[in-house]
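Enquirer: Structure incoming, see below.
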Amino acid sequence: MNSEEKDPLAISEEEAPRETAAAAAPIVKRRRKRKKLPKDGPKPIITGYVRYMNENREIIRGQFPDVPIGEITRKLAQGWAGLTDEQKKPYLDAADLDKDRFSREMQEYRENQAKKMAIEEPKVTQVVEERPKSVEKPTPTENFEHKNGDFDIPIFTDEFLDHNKIVEAELRALRKSFTDYEQQNSVLEKHVENMRNGINKLTNETTDMTTNNKVLLAYLEKLRSKLVNAMGSLPMASGSEHNITMDNIDDFLQDLPTAHGAATLNKAKDLIRKLDLNIQV
């Protein structure tokens with residue numbers, strides 16, 4: 001065999017592992033983990049999308065008070081997707097300025113950290129230098145401070161989720177208060193309705209009584225007129241020269257048993273018996 005010719009077996013041994021490894025290894029897109037910012041470092045960047053959500057979250061809550069927070073986030077995402085490039089520009093420009101601010105502050109933070117490490121490096125041993133990773137972890141006793149009324153919170157963080165839990169609890173309490181007030185309003189409306197019915201009933205009865213009183217007054221006037229016509233010739237009292245009129249007929253009838261003699265009394269009774277009291281009003 002010519003020494004310049006390649007051995008086919010050598011080729012298979014050299015190239016086969018590469019082909020097998022390439023075929024066996026599936027293509028996996030690994031999700032790059034977001035680096036956690038130091039707690040004493042600069043404030044995180046607020047993207048244009050998050051700025052839009054923070055600015056419009058309360059507006060959507062006012063329009064849909066009974067909708068869960070997840071549905072509100074979905075509506076905000078749909079609103080952002082429906083904006084034009086010109087409408088998104090103010091939010092994106094503000095995000096670019098925030099990026100510049102973050103880069104500047106991060107550079108200053110790194111320089112300060114480098115200065116601190118340069119000062120502390122001679123005093124620290126190699127063993128201690130391997131432990132900062134565990135020291136950087138937050139202690140369990142660290143207290144979390146809620147930012148009430150501050151919606152400048154990056155989404156899908158522990159702080160954001162805790163804030164949503166607080167808001168959901170407040171909404172549940174408001175819904176319960178709203179239900180209680182609705183029940184009280186229902187009772188009050190029923191009471192007001194009963195009062196209105198009572199007022200209407202009394203008004204109708206008053207109207208009927210007023211009408212009846214007018215009829216009785218008209219009947220009384222006609223009855224007086226008939227009595228005066230029948231007994232107008234009788235004197236007002238014994239020895240009196242005044243005759244009976246519409247103005248004194250009531251006094252005459254009241255004093256008739258005592259102020260007149262028996263003859264006048266009997267004559268008045270006869271006249272009254274002969275009267276036709278069927279008076280049309």
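In the structure tokens, the first chain shown is A, the next is B, and so on; residue numbers restart at 1 for each chain, and ligands run from 1 in the order shown.
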Within 8 Å of stretch 263-273 of chain A, counting only C-alpha atoms, which residues qualify if same-chain residues fewer than 4 places away don't, as an MDAnalysis selection string?
Expert: chainID A and resid 227 230:231 234 256:257
Enquirer: Go ahead and write the selection's residues with N, CA and C atoms as a short mmCIF file (atom, residue, chain, number, x, y, z; two decimals), in the first residue's frame.
Expert:
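Below is the file that was written, selection09.cif:
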data_model
loop_
_atom_site.label_atom_id
_atom_site.label_comp_id
_atom_site.auth_asym_id
_atom_site.auth_seq_id
_atom_site.Cartn_x
_atom_site.Cartn_y
_atom_site.Cartn_z
N LEU A 227 -134.73 77.14 56.33
CA LEU A 227 -135.25 77.45 57.67
C LEU A 227 -135.61 78.92 57.79
N ALA A 230 -138.83 79.50 56.01
CA ALA A 230 -139.99 78.93 56.71
C ALA A 230 -140.33 79.67 58.00
N MET A 231 -139.29 80.11 58.76
CA MET A 231 -139.52 80.72 60.07
C MET A 231 -139.11 82.17 60.10
N LEU A 234 -141.05 84.58 62.53
CA LEU A 234 -140.95 84.43 63.98
C LEU A 234 -139.95 85.44 64.54
N LEU A 256 -133.92 78.41 71.11
CA LEU A 256 -135.35 78.16 70.95
C LEU A 256 -135.98 77.48 72.17
N PRO A 257 -135.42 76.46 72.80
CA PRO A 257 -136.11 75.82 73.92
C PRO A 257 -136.22 76.69 75.17
#
Enquirer: Would you pick out the contacts of A:Asn164 at 10 Å or less, using only C-alpha atoms, so that residues sharing its chain but fewer than 6 positions from it are not included, and give the list as a list in words?
Expert: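 The filter keeps Pro68, Ile69, Gly70, Asp158 and Glu170 of chain A.
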Enquirer: Please produce a file of the residues just selected, as a compact mmCIF listing (two decimals), in the first residue's frame, where the atoms kept are C-alpha atoms.
Expert:
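Output file out-v2.txt is given in full below:
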# COMPACT_ATOMS: atom_id res chain seq x y z
CA PRO A 68 -58.15 40.45 38.21
CA ILE A 69 -54.65 41.91 38.04
CA GLY A 70 -53.58 39.34 35.44
CA ASP A 158 -40.95 39.38 43.97
CA GLU A 170 -57.64 45.75 49.17
Enquirer: Can you tell me which residues surround A:Asp40 at a distance of at most 12 Å, considering only C-alpha atoms, apart from same-chain residues fewer than 5 positions away, and format the answer as a list in words?
Expert: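 Near A:Asp40, the qualifying residues are Glu105, Met106, Tyr109, Arg110, Asn112, Gln113 and Glu136 of chain A.
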Enquirer: For a test of reading the model, state the distance in Å between atom CA of A:Asp276 and atom CA of A:Lys226, rounded to one decimal.
Expert: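 Going from atom CA of A:Asp276 over to atom CA of A:Lys226 covers 8.7 Å.
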Enquirer: Quick one, how far is atom CA of A:Glu221 from atom CA of A:Gln280?
Expert: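 That distance, rounded to one decimal, is 11.7 Å.
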Enquirer: Using only C-alpha atoms, which protein or nucleic acid residues come within 6 Å of stretch 90-97 of chain A? Drop anything in the same chain fewer than 3 positions from it, and give the result as a VMD selection string.
Expert: chain A and resid 47 to 48 100
Enquirer: Atom CA of A:Asn56 to atom CA of A:Gly79: how many Å, to one decimal?
Expert: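 Distance between the two atoms: 9.4 Å.
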Enquirer: Which residue gives the smallest distance to A:Val67 among A:Glu108, A:Glu168, A:Asp255, A:Glu86, with only C-alpha atoms counted?
Expert: A:Glu168
